[in-house]
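For reference, the structure is listed below as structure tokens.
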Amino acid sequence: MTRAFKVHPAYLFLLPSATALLVFTVWPIAQALWISLHDWSFLSDARPFIGLGNYVELLGDDRFWNAMRVTALYTMGAVPLQIGLALAVALALNERLHGLALFRAAFFFPVISSLAIMAIVWSFLLDPNVGVIAGWMTDLGMRRIDFLGDVTLALPAIIVVGIWKNLGFSMVILLAGLQGVPREHYEAASIDGAGRWQRFRHITIPGLRHTLLFVVVISVIASLQVFDQIFVMTRGGPLFATDTLVTYLYYQGFSLFRMGYASAIATILFLLILAVSAGQLRLFRYRDVD
Amino acid sequence: MSTEASRAEELPPAGGWQHVRRLGGRGSLYALLIVGAVVMLLPFVWMVSASLKPQPEIFRYPNELLPREPTLAAYGDVWERIPFARFFLNSVVFAGGVTLISLFLDSLAAYALARLQFRGREVFFWIVLIVLMVPFQITLIPLFLTVFGLGWLDTFPGLIVPRATNAFGIFMLRQFFLSLPRDFDDAARIDGASEFRIYWQIALPLSLPALATLGVFHYMYNWNDLLWPLIITTTTEMRTLPAGLTLFMGSHVIEHAVLMAGATISLIPLAVAFLVAQRYFVRGVVMSGLK
């Protein structure tokens with residue numbers, strides 16, 4: 001009798017996940033690149049291959065460059081403030097205080113909420129006619145402002161909402177990092193007469209380097225993908241002042257159904273994020289050398 | 001957190017001036033934290049308060065933070081003005097379905113990667129690590145076309161199946177399984193138990209904290225997600241809470257109080273879970289950050 005063919009059980013364990021990963025992530029990446037080389041409309045059966053045509057069109061597309069600029073401004077506005085504030089809160093909550101758990105829960109709470117739904121609340125909060133912020137400004141004798149309808153103020157408002165949502169995320173990661181800074185270092189520094197600032201500069205910051213870098217990279221990547229609060233609060237307006245890469249991708253892909261052109265935008269976004277990740281790996285390697 | 005104990009400034013003996021200064025520092029620290037916490041919670045307070053306001057108060061100008069004559073009317077109206085029960089059910093099925101299926105498939109793959117010897121293990125692990133870095137948006141258009149091609153647009157399979165497994169989940173559970181002692185499975189193997197039985201009856205029960213953490217993370221992510229349900233669903237009946245409420249906000253046909261009541265109800269499940277099991281939320285987020 002011949003022995004029946006037997007599959008190693010590991011392959012049976014892996015089969016569902018491996019199939020799902022290949023079909024729903026790995027293969028779609030290749031497809032996205034391929035689609036971006038076509039004039040691929042969802043509404044038409046003719047999908048001619050046009051090489052780099054979509055990318056050439058992007059180069060001359062003012063709305064694309066506007067989206068790049070707005071995405072960069074969002075990132076430069078949101079990331080430093082969010083991490084600066086998160087670090088300040090994390091340092092404060094790393095002290096021995098009363099009500100620590102309550103404070104931590106309050107700062108973390110926006111993280112568990114839906115950004116899309118809370119963006120509805122924020123639109124209402126900022127509304128010049130029925131929002132309470134306009135009400136307070138009137139009470140203080142100020143002119144009420146239509147934040148989301150103003151070309152210069154809409155993006156800052158979107159940035160504030162992004163910071164509000166993500167601050168708690170950075171905070172808990174930084175808190176975890178702070179627990180890893182050895183206490184003896186602080187004690188030794190105090191005995192040597194180091195002040196609060198010196199301890200922060202020479203012990204906290206070096207001890208947190210890895211964590212900080214990590215939070216920066218994750219936040220930059222998330223900022224490049226900003227979508228939810230813009231879709232809900234401004235739809236990219238007014239006058240494209242809050243139109244980012246992903247809102248523009250959504251517009252091209254799912255309003256105009258230009259799948260090829262939208263895939264070219266997605267590919268650019270992918271490359272940008274890849275560059276940030278690669279930069280992080282490089283920084284980590286340098287770190288490990290010293 | 002209380003073991004975190006004192007920092008260095010509590011070490012030097014408290015002298016007169018220093019003591020006063022430290023108390024002053026503590027006081028301003030509390031004041032800043034309280035202001036910060038109030039700002040963070042303001043949108044939630046406004047959401048609940050606006051949901052309790054009668055219509056004339058919503059449009060009172062200048063507006064006030066708290067309602068003068070609170071009413072629960074909007075909490076009754078929300079089920080009639082919009083298909084809110086349907087949105088809620090869709091969110092439960094979508095987030096719950098993805099969570100259960102993904103926990104099962106992630107843990108199967110993680111078990112093989114952590115506990116079994118086989119050819120191609122490193123290759124598969126590398127694929128997981130690479131997929132971990134891929135932004136979701138690059139796959140959005142091909143996935144939309146695939147779901148469309150399968151005839152799954154606007155269906156639960158279309159929403160759930162593409163998220164049936166998750167690289168982060170596989171990675172996280174692999175790390176956890178690596179830390180489990182192997183004595184039990186060796187004994188079970190000698191007794192002739194199948195690999196699946198060892199996974200199901202030994203490894204999984206020992207991993208409940210890790211599974212709970214990952215489950216909370218999957219559920220929260222999908223319950224709150226906007227972009228994916230927005231493109232995969234096309235009719236009002238299939239919208240999830242974020243996609244449905246967002247589109248109703250754009251249509252300007254419903255009152256603010258009703259919308260705010262909907263927003264409040266949609267937050268309740270995660271808020272309650274957060275109050276009961278905060279550490280699973282925090283741990284999930286910390287791990288997703290340190291992936």
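Ordering of the structure tokens sets the chain letters (A, B, ...), residue numbers begin anew at 1 in every chain, and ligands are numbered from 1 in the order given.
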
Subject >> Distance-based interface of chain A with chain B, 6 Å, counting only C-alpha atoms, as an NGL selection string >> reply: :A and (10 or 13-14 or 17 or 24 or 28-29 or 32 or 96 or 106-107 or 114 or 116-117 or 130 or 132 or 135 or 173 or 186-187 or 266)

Original post:
What's the 9 Å shell around Met233 in chain A, counting only C-alpha atoms, without same-chain residues fewer than 3 positions away, as a list in words?
Top reply: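 Here the answer would be Ala116, Ala119, Ile120, Trp122, Ser123, Leu148, Ile158, Asp228, Gln229, Ile230, Gly236 and Gly237 of chain A.
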
**OP:** Quick one: everything within 12 Å of Phe169 in chain A, counting only C-alpha atoms, minus sequence neighbours fewer than 4 positions away in the same chain. Send it as a ChimeraX atom specification.
**Re:** /A:82-83,85-87,89-90,104-113,162-165,173-176,215-216,218-219,222 /B:281-290

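Of the residues listed (A:Gly51, A:Gly207, A:Gly177, A:Gly193), A:Gly51 shows the shortest atom-to-atom separation from His38 in chain A; distances use only C-alpha atoms.
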
Original post:
If you run DSSP on the backbone, which residues of range 15-264 of chain A are alpha helix (DSSP H), as an MDAnalysis selection string?
Top reply: chainID A and resid 15:21 27:35 53:59 62:93 100:112 115:126 132:139 154:179 183:191 196:199 205:224 228:233 245:254 259:264

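Proximity of A:Phe240, A:Asn94, A:Glu57, A:Arg69 to Arg183 in chain A, computed with only C-alpha atoms, is greatest for A:Asn94.
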
Original post:
Which neighbours of range 245-255 of chain A fall inside 7 Å, counting only C-alpha atoms, when residues of the same chain fewer than 5 positions from it are skipped, and could you give them as a PyMOL selection string?
Top reply: chain A and resi 67-68+71+225-227+231+236+261-262+265-266

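Put simply, CA of Leu72 in chain B is 10.6 Å away from CA of Ser49 in chain B.
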